[in-house]
file upload-v5.pdb (PDB, C-alpha atoms)
ATOM      1  CA  MET A   1     -16.572  -7.529   1.496
ATOM      2  CA  PRO A   2     -14.663  -8.288   4.694
ATOM      3  CA  SER A   3     -11.487  -6.266   5.233
ATOM      4  CA  LEU A   4      -8.358  -7.652   6.812
ATOM      5  CA  TYR A   5      -5.675  -5.337   8.189
ATOM      6  CA  LEU A   6      -2.275  -6.866   8.942
ATOM      7  CA  ILE A   7      -0.296  -4.804  11.441
ATOM      8  CA  ARG A   8       3.267  -5.549  12.489
ATOM      9  CA  HIS A   9       4.183  -4.947  16.146
ATOM     10  CA  GLY A  10       6.133  -1.773  16.971
ATOM     11  CA  ILE A  11       9.873  -1.419  17.493
ATOM     12  CA  ALA A  12      10.966  -3.647  20.402
ATOM     13  CA  GLU A  13      13.979  -3.912  22.725
ATOM     14  CA  GLU A  14      17.085  -5.616  21.359
ATOM     15  CA  ARG A  15      16.910  -9.375  21.104
ATOM     16  CA  GLY A  16      20.179  -9.944  23.000
ATOM     17  CA  ASN A  17      18.846  -8.413  26.223
ATOM     18  CA  TYR A  18      16.092 -11.019  26.715
ATOM     19  CA  GLU A  19      16.664 -14.724  27.282
ATOM     20  CA  ASP A  20      13.048 -15.457  26.387
ATOM     21  CA  ASP A  21      12.213 -13.749  23.093
ATOM     22  CA  THR A  22       8.474 -13.942  23.782
ATOM     23  CA  GLN A  23       8.983 -11.493  26.673
ATOM     24  CA  ARG A  24      10.737  -8.789  24.677
ATOM     25  CA  PRO A  25       8.755  -5.519  25.110
ATOM     26  CA  LEU A  26       8.377  -2.464  22.880
ATOM     27  CA  ASN A  27      11.041   0.159  23.483
ATOM     28  CA  ASP A  28      10.306   3.865  24.037
ATOM     29  CA  GLU A  29      10.479   4.668  20.322
ATOM     30  CA  GLY A  30       8.250   1.687  19.544
ATOM     31  CA  ARG A  31       5.577   2.770  22.034
ATOM     32  CA  LYS A  32       5.634   6.353  20.823
ATOM     33  CA  LYS A  33       5.502   5.586  17.093
ATOM     34  CA  THR A  34       2.903   2.832  17.493
ATOM     35  CA  LYS A  35       0.626   5.237  19.346
ATOM     36  CA  GLN A  36       1.089   7.877  16.645
ATOM     37  CA  VAL A  37       0.290   5.322  13.931
ATOM     38  CA  ALA A  38      -2.805   4.046  15.761
ATOM     39  CA  LYS A  39      -4.106   7.590  16.273
ATOM     40  CA  ARG A  40      -3.553   8.498  12.653
ATOM     41  CA  LEU A  41      -5.312   5.337  11.413
ATOM     42  CA  TYR A  42      -8.231   6.104  13.737
ATOM     43  CA  ASP A  43      -8.407   9.698  12.469
ATOM     44  CA  LEU A  44      -8.371   8.385   8.899
ATOM     45  CA  GLY A  45     -11.536   6.426   9.645
ATOM     46  CA  LEU A  46     -10.228   2.895  10.112
ATOM     47  CA  ARG A  47     -12.270   0.771  12.525
ATOM     48  CA  PHE A  48     -11.936  -2.852  13.660
ATOM     49  CA  ASP A  49     -14.737  -5.189  14.673
ATOM     50  CA  LEU A  50     -12.069  -7.390  16.208
ATOM     51  CA  LEU A  51      -8.354  -7.092  16.888
ATOM     52  CA  GLN A  52      -6.465 -10.366  17.080
ATOM     53  CA  THR A  53      -2.954 -10.346  18.485
ATOM     54  CA  SER A  54       0.011 -12.647  18.802
ATOM     55  CA  PRO A  55       0.513 -13.603  22.463
ATOM     56  CA  LEU A  56       4.130 -12.338  22.439
ATOM     57  CA  VAL A  57       4.674  -9.324  24.688
ATOM     58  CA  ARG A  58       5.734  -6.916  21.929
ATOM     59  CA  ALA A  59       2.581  -7.752  19.939
ATOM     60  CA  GLN A  60       0.301  -7.602  22.963
ATOM     61  CA  GLN A  61       1.700  -4.215  23.906
ATOM     62  CA  THR A  62       1.011  -3.072  20.335
ATOM     63  CA  SER A  63      -2.574  -4.353  20.629
ATOM     64  CA  ASP A  64      -2.949  -2.569  24.002
ATOM     65  CA  ILE A  65      -2.013   0.700  22.305
ATOM     66  CA  PHE A  66      -4.449   0.066  19.426
ATOM     67  CA  ALA A  67      -7.238  -0.981  21.815
ATOM     68  CA  ASP A  68      -6.670   2.179  23.841
ATOM     69  CA  VAL A  69      -6.872   4.415  20.754
ATOM     70  CA  PHE A  70      -9.754   2.511  19.095
ATOM     71  CA  GLY A  71     -11.933   2.489  22.217
ATOM     72  CA  ASP A  72     -14.169  -0.477  22.865
ATOM     73  CA  CYS A  73     -12.828  -2.724  20.099
ATOM     74  CA  PRO A  74     -12.641  -6.339  21.360
ATOM     75  CA  VAL A  75      -9.149  -7.846  21.468
ATOM     76  CA  GLN A  76      -8.448 -11.553  21.229
ATOM     77  CA  ARG A  77      -5.178 -13.453  21.619
ATOM     78  CA  SER A  78      -4.486 -15.921  18.843
ATOM     79  CA  PRO A  79      -1.651 -18.431  19.313
ATOM     80  CA  GLU A  80      -1.561 -18.791  15.509
ATOM     81  CA  LEU A  81      -0.286 -15.208  15.259
ATOM     82  CA  ALA A  82       2.894 -16.161  17.150
ATOM     83  CA  PRO A  83       5.975 -16.722  14.930
ATOM     84  CA  GLU A  84       5.353 -20.493  14.846
ATOM     85  CA  GLY A  85       1.638 -20.081  14.009
ATOM     86  CA  ASN A  86      -0.085 -21.938  11.194
ATOM     87  CA  PHE A  87      -1.754 -20.083   8.311
ATOM     88  CA  GLU A  88      -4.477 -22.678   7.636
ATOM     89  CA  THR A  89      -5.458 -22.954  11.304
ATOM     90  CA  TRP A  90      -5.657 -19.182  11.637
ATOM     91  CA  LEU A  91      -7.596 -18.920   8.364
ATOM     92  CA  ASN A  92     -10.169 -21.469   9.534
ATOM     93  CA  GLY A  93     -10.659 -19.452  12.702
ATOM     94  CA  ILE A  94     -11.241 -16.114  10.987
ATOM     95  CA  THR A  95     -13.437 -17.734   8.321
ATOM     96  CA  GLU A  96     -15.687 -18.909  11.153
ATOM     97  CA  TRP A  97     -15.640 -15.463  12.785
ATOM     98  CA  VAL A  98     -16.366 -13.575   9.544
ATOM     99  CA  SER A  99     -19.319 -15.898   8.774
ATOM    100  CA  GLN A 100     -21.006 -14.556  11.912
ATOM    101  CA  GLN A 101     -20.387 -10.875  11.096
ATOM    102  CA  PRO A 102     -22.042  -8.290   8.837
ATOM    103  CA  ALA A 103     -20.797  -8.254   5.220
ATOM    104  CA  LYS A 104     -18.322  -5.416   5.816
ATOM    105  CA  ALA A 105     -16.602  -6.934   8.839
ATOM    106  CA  SER A 106     -13.208  -5.417   9.609
ATOM    107  CA  LEU A 107     -10.537  -7.540  11.264
ATOM    108  CA  GLY A 108      -7.135  -6.290  12.434
ATOM    109  CA  ILE A 109      -4.360  -8.758  13.227
ATOM    110  CA  ILE A 110      -1.166  -7.853  15.045
ATOM    111  CA  GLY A 111       1.760 -10.172  14.560
ATOM    112  CA  HIS A 112       5.234 -10.763  13.224
ATOM    113  CA  GLU A 113       7.303 -10.942  10.108
ATOM    114  CA  PRO A 114       7.843 -12.906   7.921
ATOM    115  CA  ASN A 115       4.433 -14.492   8.632
ATOM    116  CA  LEU A 116       2.275 -11.420   8.031
ATOM    117  CA  THR A 117       3.504 -10.667   4.515
ATOM    118  CA  ALA A 118       3.665 -14.387   3.683
ATOM    119  CA  TRP A 119       0.015 -14.760   4.727
ATOM    120  CA  ALA A 120      -0.971 -11.571   2.873
ATOM    121  CA  GLU A 121       0.625 -12.978  -0.273
ATOM    122  CA  MET A 122      -1.138 -16.320   0.239
ATOM    123  CA  LEU A 123      -4.466 -14.488   0.366
ATOM    124  CA  ILE A 124      -3.676 -12.288  -2.642
ATOM    125  CA  TRP A 125      -1.850 -14.722  -4.976
ATOM    126  CA  GLY A 126      -2.148 -18.113  -3.395
ATOM    127  CA  GLU A 127       1.597 -18.318  -2.839
ATOM    128  CA  SER A 128       4.314 -16.418  -1.032
ATOM    129  CA  LYS A 129       7.202 -14.938  -3.021
ATOM    130  CA  GLY A 130       8.481 -12.311  -0.586
ATOM    131  CA  VAL A 131       7.342  -9.335  -2.677
ATOM    132  CA  LEU A 132       5.620  -7.303   0.055
ATOM    133  CA  VAL A 133       7.252  -5.095   2.672
ATOM    134  CA  LEU A 134       5.798  -4.520   6.148
ATOM    135  CA  LYS A 135       7.800  -2.321   8.515
ATOM    136  CA  LYS A 136       7.320  -2.365  12.298
ATOM    137  CA  ALA A 137       4.009  -0.580  13.065
ATOM    138  CA  GLY A 138       3.196  -0.641   9.351
ATOM    139  CA  ILE A 139      -0.114  -1.829   7.935
ATOM    140  CA  ILE A 140      -1.345  -3.786   4.913
ATOM    141  CA  GLY A 141      -5.055  -3.878   3.954
ATOM    142  CA  ILE A 142      -6.689  -6.690   1.972
ATOM    143  CA  SER A 143     -10.288  -7.035   0.774
ATOM    144  CA  LEU A 144     -11.488 -10.625   1.029
ATOM    145  CA  PRO A 145     -14.111 -12.015  -1.342
ATOM    146  CA  GLU A 146     -17.690 -12.634  -0.146
ATOM    147  CA  THR A 147     -17.291 -16.334  -0.963
ATOM    148  CA  GLN A 148     -14.660 -18.997  -0.367
ATOM    149  CA  PRO A 149     -11.902 -19.721  -1.101
ATOM    150  CA  TRP A 150     -10.146 -16.640   0.261
ATOM    151  CA  THR A 151      -6.688 -17.948  -0.574
ATOM    152  CA  GLY A 152      -5.587 -16.426  -3.883
ATOM    153  CA  ASN A 153      -8.640 -14.157  -4.107
ATOM    154  CA  GLY A 154      -7.814 -11.230  -1.844
ATOM    155  CA  VAL A 155      -7.239  -7.725  -3.245
ATOM    156  CA  LEU A 156      -4.534  -5.484  -1.835
ATOM    157  CA  PHE A 157      -5.870  -1.956  -1.347
ATOM    158  CA  LEU A 158      -3.503  -0.556   1.261
ATOM    159  CA  SER A 159       0.160  -0.694   2.252
ATOM    160  CA  ILE A 160       1.551   2.120   4.380
ATOM    161  CA  PRO A 161       4.905   2.328   6.133
ATOM    162  CA  PRO A 162       4.723   3.973   9.579
ATOM    163  CA  LYS A 163       6.833   6.954   8.508
ATOM    164  CA  LEU A 164       3.930   8.060   6.310
ATOM    165  CA  LEU A 165       1.528   7.849   9.266
ATOM    166  CA  ILE A 166       3.544   9.813  11.837
TER     167      ILE A 166
ATOM    168  CA  MET B   1      17.406   0.574  -5.538
ATOM    169  CA  PRO B   2      15.352   2.637  -7.991
ATOM    170  CA  SER B   3      11.828   3.517  -6.836
ATOM    171  CA  LEU B   4       8.843   3.680  -9.144
ATOM    172  CA  TYR B   5       5.672   5.497  -8.100
ATOM    173  CA  LEU B   6       2.545   4.833 -10.151
ATOM    174  CA  ILE B   7      -0.037   7.618  -9.811
ATOM    175  CA  ARG B   8      -3.493   7.548 -11.327
ATOM    176  CA  HIS B   9      -4.868  10.834 -12.735
ATOM    177  CA  GLY B  10      -7.414  12.707 -10.592
ATOM    178  CA  ILE B  11     -11.212  12.677 -10.928
ATOM    179  CA  ALA B  12     -12.192  13.938 -14.397
ATOM    180  CA  GLU B  13     -15.332  15.270 -16.094
ATOM    181  CA  GLU B  14     -17.940  12.725 -17.182
ATOM    182  CA  ARG B  15     -17.092  10.748 -20.284
ATOM    183  CA  GLY B  16     -20.403  11.534 -22.040
ATOM    184  CA  ASN B  17     -19.677  15.271 -22.182
ATOM    185  CA  TYR B  18     -16.586  14.930 -24.388
ATOM    186  CA  GLU B  19     -16.549  13.544 -27.921
ATOM    187  CA  ASP B  20     -12.799  13.076 -27.748
ATOM    188  CA  ASP B  21     -11.940  11.202 -24.557
ATOM    189  CA  THR B  22      -8.312  12.364 -24.698
ATOM    190  CA  GLN B  23      -9.520  15.935 -24.082
ATOM    191  CA  ARG B  24     -11.513  15.192 -20.921
ATOM    192  CA  PRO B  25     -10.170  17.479 -18.136
ATOM    193  CA  LEU B  26     -10.103  17.092 -14.359
ATOM    194  CA  ASN B  27     -13.232  18.404 -12.669
ATOM    195  CA  ASP B  28     -13.207  20.779  -9.679
ATOM    196  CA  GLU B  29     -13.134  17.941  -7.141
ATOM    197  CA  GLY B  30     -10.349  16.219  -9.094
ATOM    198  CA  ARG B  31      -8.173  19.354  -9.159
ATOM    199  CA  LYS B  32      -8.729  20.009  -5.457
ATOM    200  CA  LYS B  33      -8.075  16.457  -4.260
ATOM    201  CA  THR B  34      -5.094  15.937  -6.563
ATOM    202  CA  LYS B  35      -3.488  19.083  -5.183
ATOM    203  CA  GLN B  36      -4.106  17.918  -1.605
ATOM    204  CA  VAL B  37      -2.611  14.504  -2.384
ATOM    205  CA  ALA B  38       0.460  16.016  -4.080
ATOM    206  CA  LYS B  39       1.085  18.376  -1.146
ATOM    207  CA  ARG B  40       0.737  15.578   1.384
ATOM    208  CA  LEU B  41       3.134  13.324  -0.555
ATOM    209  CA  TYR B  42       5.614  16.192  -0.744
ATOM    210  CA  ASP B  43       5.296  16.837   3.000
ATOM    211  CA  LEU B  44       5.849  13.122   3.633
ATOM    212  CA  GLY B  45       9.208  13.387   1.885
ATOM    213  CA  LEU B  46       8.494  11.876  -1.519
ATOM    214  CA  ARG B  47      10.616  13.283  -4.339
ATOM    215  CA  PHE B  48      10.813  12.492  -8.045
ATOM    216  CA  ASP B  49      13.876  12.737 -10.284
ATOM    217  CA  LEU B  50      11.478  12.538 -13.215
ATOM    218  CA  LEU B  51       7.723  12.621 -13.674
ATOM    219  CA  GLN B  52       6.412  10.899 -16.780
ATOM    220  CA  THR B  53       2.830  11.510 -17.824
ATOM    221  CA  SER B  54       0.297  10.169 -20.257
ATOM    222  CA  PRO B  55      -0.415  12.773 -22.955
ATOM    223  CA  LEU B  56      -4.185  12.728 -22.211
ATOM    224  CA  VAL B  57      -5.487  16.015 -20.800
ATOM    225  CA  ARG B  58      -6.644  14.597 -17.434
ATOM    226  CA  ALA B  59      -3.212  13.026 -16.854
ATOM    227  CA  GLN B  60      -1.316  16.111 -17.998
ATOM    228  CA  GLN B  61      -3.366  18.302 -15.692
ATOM    229  CA  THR B  62      -2.530  15.886 -12.871
ATOM    230  CA  SER B  63       1.176  16.145 -13.753
ATOM    231  CA  ASP B  64       0.902  19.965 -13.867
ATOM    232  CA  ILE B  65      -0.400  19.906 -10.290
ATOM    233  CA  PHE B  66       2.376  17.551  -9.164
ATOM    234  CA  ALA B  67       5.043  19.584 -10.977
ATOM    235  CA  ASP B  68       3.735  22.747  -9.322
ATOM    236  CA  VAL B  69       3.873  21.192  -5.832
ATOM    237  CA  PHE B  70       7.174  19.354  -6.355
ATOM    238  CA  GLY B  71       9.003  22.414  -7.713
ATOM    239  CA  ASP B  72      11.657  21.936 -10.341
ATOM    240  CA  CYS B  73      11.012  18.255 -11.050
ATOM    241  CA  PRO B  74      11.332  17.572 -14.813
ATOM    242  CA  VAL B  75       8.160  16.363 -16.528
ATOM    243  CA  GLN B  76       8.150  14.256 -19.675
ATOM    244  CA  ARG B  77       5.224  13.124 -21.829
ATOM    245  CA  SER B  78       5.256   9.426 -22.648
ATOM    246  CA  PRO B  79       2.867   8.131 -25.311
ATOM    247  CA  GLU B  80       3.228   4.661 -23.753
ATOM    248  CA  LEU B  81       1.382   5.927 -20.662
ATOM    249  CA  ALA B  82      -1.755   6.558 -22.745
ATOM    250  CA  PRO B  83      -4.455   3.841 -22.425
ATOM    251  CA  GLU B  84      -3.181   2.073 -25.565
ATOM    252  CA  GLY B  85       0.470   2.194 -24.428
ATOM    253  CA  ASN B  86       2.765  -0.810 -24.454
ATOM    254  CA  PHE B  87       4.382  -2.124 -21.256
ATOM    255  CA  GLU B  88       7.548  -3.466 -22.878
ATOM    256  CA  THR B  89       8.200  -0.270 -24.844
ATOM    257  CA  TRP B  90       7.692   1.848 -21.719
ATOM    258  CA  LEU B  91       9.896  -0.504 -19.682
ATOM    259  CA  ASN B  92      12.721  -0.261 -22.200
ATOM    260  CA  GLY B  93      12.527   3.517 -21.990
ATOM    261  CA  ILE B  94      12.689   3.728 -18.205
ATOM    262  CA  THR B  95      15.411   1.053 -18.050
ATOM    263  CA  GLU B  96      17.526   3.317 -20.245
ATOM    264  CA  TRP B  97      16.716   6.360 -18.082
ATOM    265  CA  VAL B  98      17.414   4.589 -14.766
ATOM    266  CA  SER B  99      20.783   3.331 -16.090
ATOM    267  CA  GLN B 100      21.893   6.971 -16.346
ATOM    268  CA  GLN B 101      20.744   7.918 -12.828
ATOM    269  CA  PRO B 102      22.157   7.499  -9.306
ATOM    270  CA  ALA B 103      21.286   4.174  -7.598
ATOM    271  CA  LYS B 104      18.319   5.617  -5.713
ATOM    272  CA  ALA B 105      16.596   7.209  -8.707
ATOM    273  CA  SER B 106      12.921   7.998  -8.110
ATOM    274  CA  LEU B 107      10.511   7.945 -11.043
ATOM    275  CA  GLY B 108       6.845   8.955 -10.897
ATOM    276  CA  ILE B 109       4.474   7.980 -13.690
ATOM    277  CA  ILE B 110       0.989   9.422 -14.147
ATOM    278  CA  GLY B 111      -1.426   7.391 -16.185
ATOM    279  CA  HIS B 112      -4.596   5.341 -16.393
ATOM    280  CA  GLU B 113      -6.284   2.208 -15.187
ATOM    281  CA  PRO B 114      -6.247  -0.693 -15.840
ATOM    282  CA  ASN B 115      -2.713  -0.256 -17.220
ATOM    283  CA  LEU B 116      -1.058   1.073 -14.059
ATOM    284  CA  THR B 117      -2.033  -1.807 -11.772
ATOM    285  CA  ALA B 118      -1.459  -4.332 -14.572
ATOM    286  CA  TRP B 119       2.077  -2.976 -15.053
ATOM    287  CA  ALA B 120       2.666  -2.880 -11.289
ATOM    288  CA  GLU B 121       1.664  -6.540 -11.094
ATOM    289  CA  MET B 122       3.925  -7.390 -14.050
ATOM    290  CA  LEU B 123       6.860  -5.818 -12.200
ATOM    291  CA  ILE B 124       6.013  -7.492  -8.873
ATOM    292  CA  TRP B 125       4.828 -10.965  -9.943
ATOM    293  CA  GLY B 126       5.579 -11.207 -13.638
ATOM    294  CA  GLU B 127       1.877 -11.460 -14.481
ATOM    295  CA  SER B 128      -1.296  -9.474 -14.016
ATOM    296  CA  LYS B 129      -4.180 -11.008 -12.072
ATOM    297  CA  GLY B 130      -6.117  -7.859 -11.162
ATOM    298  CA  VAL B 131      -5.277  -8.032  -7.450
ATOM    299  CA  LEU B 132      -4.239  -4.416  -6.902
ATOM    300  CA  VAL B 133      -6.481  -1.380  -6.463
ATOM    301  CA  LEU B 134      -5.515   2.137  -7.552
ATOM    302  CA  LYS B 135      -8.088   4.883  -7.029
ATOM    303  CA  LYS B 136      -7.998   8.202  -8.899
ATOM    304  CA  ALA B 137      -5.152  10.291  -7.408
ATOM    305  CA  GLY B 138      -3.967   7.187  -5.542
ATOM    306  CA  ILE B 139      -0.359   5.990  -5.529
ATOM    307  CA  ILE B 140       1.496   2.674  -5.582
ATOM    308  CA  GLY B 141       5.233   2.442  -4.806
ATOM    309  CA  ILE B 142       7.531  -0.323  -6.066
ATOM    310  CA  SER B 143      11.244  -0.898  -5.397
ATOM    311  CA  LEU B 144      13.002  -2.176  -8.486
ATOM    312  CA  PRO B 145      16.071  -4.434  -8.245
ATOM    313  CA  GLU B 146      19.540  -3.080  -9.023
ATOM    314  CA  THR B 147      19.889  -5.614 -11.822
ATOM    315  CA  GLN B 148      17.729  -6.837 -14.697
ATOM    316  CA  PRO B 149      15.202  -8.295 -15.236
ATOM    317  CA  TRP B 150      12.816  -5.956 -13.433
ATOM    318  CA  THR B 151       9.734  -7.912 -14.475
ATOM    319  CA  GLY B 152       8.725 -10.211 -11.645
ATOM    320  CA  ASN B 153      11.352  -8.791  -9.279
ATOM    321  CA  GLY B 154       9.796  -5.579  -7.958
ATOM    322  CA  VAL B 155       8.779  -5.214  -4.300
ATOM    323  CA  LEU B 156       5.588  -3.405  -3.359
ATOM    324  CA  PHE B 157       6.236  -1.064  -0.424
ATOM    325  CA  LEU B 158       3.399   1.441  -0.756
ATOM    326  CA  SER B 159      -0.252   1.593  -1.747
ATOM    327  CA  ILE B 160      -2.320   4.528  -0.529
ATOM    328  CA  PRO B 161      -5.827   5.557  -1.565
ATOM    329  CA  PRO B 162      -6.278   9.351  -1.832
ATOM    330  CA  LYS B 163      -8.754   9.479   1.059
ATOM    331  CA  LEU B 164      -5.876   8.612   3.395
ATOM    332  CA  LEU B 165      -3.797  11.476   1.984
ATOM    333  CA  ILE B 166      -6.375  14.280   2.198
TER     334      ILE B 166
END
call {"tool": "encode", "arguments": {"input": "upload-v5.pdb", "output": "structure tokens"}}
result
Amino acid sequence: MPSLYLIRHGIAEERGNYEDDTQRPLNDEGRKKTKQVAKRLYDLGLRFDLLQTSPLVRAQQTSDIFADVFGDCPVQRSPELAPEGNFETWLNGITEWVSQQPAKASLGIIGHEPNLTAWAEMLIWGESKGVLVLKKAGIIGISLPETQPWTGNGVLFLSIPPKLLI
Amino acid sequence: MPSLYLIRHGIAEERGNYEDDTQRPLNDEGRKKTKQVAKRLYDLGLRFDLLQTSPLVRAQQTSDIFADVFGDCPVQRSPELAPEGNFETWLNGITEWVSQQPAKASLGIIGHEPNLTAWAEMLIWGESKGVLVLKKAGIIGISLPETQPWTGNGVLFLSIPPKLLI
């Protein structure tokens, strides 16, 4: 079964200091903790066949850290992972990608709240009720079924706050 | 908010070797891994104000290991945590207990599948669809609301397979 890992970007600079929110970078704590989390996930055996990231700076910087720790994992920007992204459009894209991969394909996506937990809930229960928590630099893991539809048929096997990975 | 941690008993001896399934003990691997998991959870800062356990031998042995690692944490047998236990009866019992505790009470329960994930799903979504995974010696964490009803109002903040804790 394909595995999907939803990763929230690390702790970023304060919103008020940046006119353009898309340019807001990780702060020192965010860089440090994100690197610790990525290293720990790598040591625990997690691997990604592809890392998709939101194009916003704080997400891209998070994906840079993950790409650095995870070696030659390909990284792809996905506009759908930005805060205004569309679940169905993103889902169509990864469905296409997974169909070209081995059965156990592993996809990591780096993005923002509330989208990530809303999308996780869509995949698990077919609707979003706000019952999952995803802290900055935290991770949620979902097994997707071999066949379509994915929506409402995912299985949650992992949810770890960063403090348990540092 | 009160926290509920659902912990599945460790790996036990094969079913065929025991006429009475309630007497089936942990095997060597189960004892070793359960101890590693308990120590790691302790090191990560988890604490329990009460540990409830199924009366079956493999669950009690798991609770013995947790009680040993977590020091003076009180342990209570609950017949409702046995495989034939009743969700509503158990829920009434812990509702009563939590009402007598500080706001951040932390309760650990040690039991069996499929009950633990079914009960977790009841608390989170108000129904059980089999969309959570809980491996032996794995843990799921749920925040419960300050007010009733708890069913359908829990928030899942943690789900860790034992291999990520060893």
call {"tool": "atom_distance", "arguments": {"input": "upload-v5.pdb", "atom1": "atom CA of Leu123 of chain A", "atom2": "atom CA of Lys136 of chain B"}}
result
24.8 Å
call {"tool": "residues_around", "arguments": {"input": "upload-v5.pdb", "residues": "Tyr42 of chain B", "least_positions_apart": "4", "cutoff": "8 Å", "atoms": "only C-alpha atoms", "output": "MDAnalysis selection string"}}
result
chainID B and resid 38 46:47 69:70
call {"tool": "atom_distance", "arguments": {"input": "upload-v5.pdb", "atom1": "atom CA of Thr147 of chain B", "atom2": "atom CA of Val98 of chain B"}}
result
10.9 Å
call {"tool": "resolve_selection", "arguments": {"input": "upload-v5.pdb", "expression": "the PyMOL selection byres ((chain B and resi 153) around 8)", "output": "ChimeraX atom specification"}}
result
/A:131 /B:123-126,144-145,149-152,154-155
call {"tool": "residues_near_point", "arguments": {"input": "upload-v5.pdb", "point": "(-16.5, 19.9, -12.4)", "cutoff": "10 Å", "atoms": "only C-alpha atoms", "output": "short mmCIF file (atom, residue, chain, number, x, y, z; two decimals) with C-alpha atoms, in the coordinates of the input"}}
result
data_model
loop_
_atom_site.label_atom_id
_atom_site.label_comp_id
_atom_site.auth_asym_id
_atom_site.auth_seq_id
_atom_site.Cartn_x
_atom_site.Cartn_y
_atom_site.Cartn_z
CA ILE B 11 -11.21 12.68 -10.93
CA ALA B 12 -12.19 13.94 -14.40
CA GLU B 13 -15.33 15.27 -16.09
CA GLU B 14 -17.94 12.72 -17.18
CA PRO B 25 -10.17 17.48 -18.14
CA LEU B 26 -10.10 17.09 -14.36
CA ASN B 27 -13.23 18.40 -12.67
CA ASP B 28 -13.21 20.78 -9.68
CA GLU B 29 -13.13 17.94 -7.14
CA GLY B 30 -10.35 16.22 -9.09
CA ARG B 31 -8.17 19.35 -9.16
#
call {"tool": "closest_atom_pairs", "arguments": {"input": "upload-v5.pdb", "of": "chain B", "to": "chain A", "cutoff": "10 Å", "atoms": "only C-alpha atoms", "output": "tab-separated table"}}
result
residue	atom	partner	partner_atom	distance
B:Arg40	CA	A:Leu164	CA	9.5
B:Leu41	CA	A:Leu164	CA	8.7
B:Asp43	CA	A:Leu164	CA	9.5
B:Leu44	CA	A:Leu164	CA	6.0
B:Gly45	CA	A:Leu164	CA	8.7
B:Leu46	CA	A:Leu164	CA	9.8
B:Ile124	CA	A:Val131	CA	6.6
B:Trp125	CA	A:Val131	CA	7.9
B:Lys129	CA	A:Trp125	CA	8.3
B:Gly130	CA	A:Val155	CA	8.0
B:Val131	CA	A:Val155	CA	4.7
B:Leu132	CA	A:Leu156	CA	5.2
B:Val133	CA	A:Phe157	CA	5.2
B:Leu134	CA	A:Phe157	CA	7.4
B:Lys135	CA	A:Phe157	CA	9.2
B:Ile139	CA	A:Leu158	CA	9.9
B:Ile140	CA	A:Ser159	CA	8.6
B:Gly141	CA	A:Ser159	CA	9.2
B:Ile142	CA	A:Leu132	CA	9.5
B:Ser143	CA	A:Val131	CA	9.7
B:Gly152	CA	A:Val131	CA	9.1
B:Asn153	CA	A:Val131	CA	7.7
B:Gly154	CA	A:Val131	CA	6.9
B:Val155	CA	A:Val131	CA	4.7
B:Leu156	CA	A:Leu132	CA	5.2
B:Phe157	CA	A:Val133	CA	5.2
B:Leu158	CA	A:Ser159	CA	4.9
B:Ser159	CA	A:Ser159	CA	4.6
B:Ile160	CA	A:Leu158	CA	5.5
B:Pro161	CA	A:Leu158	CA	7.1
B:Lys163	CA	A:Leu44	CA	7.9
B:Leu164	CA	A:Leu44	CA	6.0
B:Leu165	CA	A:Leu44	CA	8.8
B:Ile166	CA	A:Leu44	CA	9.1
call {"tool": "atom_distance", "arguments": {"input": "upload-v5.pdb", "atom1": "atom CA of Arg77 of chain B", "atom2": "atom CA of Gln60 of chain B"}}
result
8.1 Å
call {"tool": "axis_aligned_box", "arguments": {"input": "upload-v5.pdb", "around": "segment 37-55 of chain B", "padding_each_side": "4 Å", "output": "JSON"}}
result
{"center_x": 5.6, "center_y": 14.3, "center_z": -9.7, "size_x": 24.5, "size_y": 16.2, "size_z": 34.6}
call {"tool": "residues_around", "arguments": {"input": "upload-v5.pdb", "residues": "Val57 of chain A", "least_positions_apart": "3", "cutoff": "10 Å", "atoms": "all atoms listed in the file", "output": "count of residues only"}}
result
14
call {"tool": "residues_around", "arguments": {"input": "upload-v5.pdb", "residues": "segment 49-52 of chain B", "least_positions_apart": "4", "cutoff": "8 Å", "atoms": "all atoms listed in the file", "output": "ChimeraX atom specification"}}
result
/B:63,67,73-78,105-110
call {"tool": "closest_residue", "arguments": {"input": "upload-v5.pdb", "among": "B:Gln101, B:Pro83, B:Lys35, B:Ala137", "to": "Ala118 of chain B", "atoms": "all atoms listed in the file"}}
result
B:Pro83
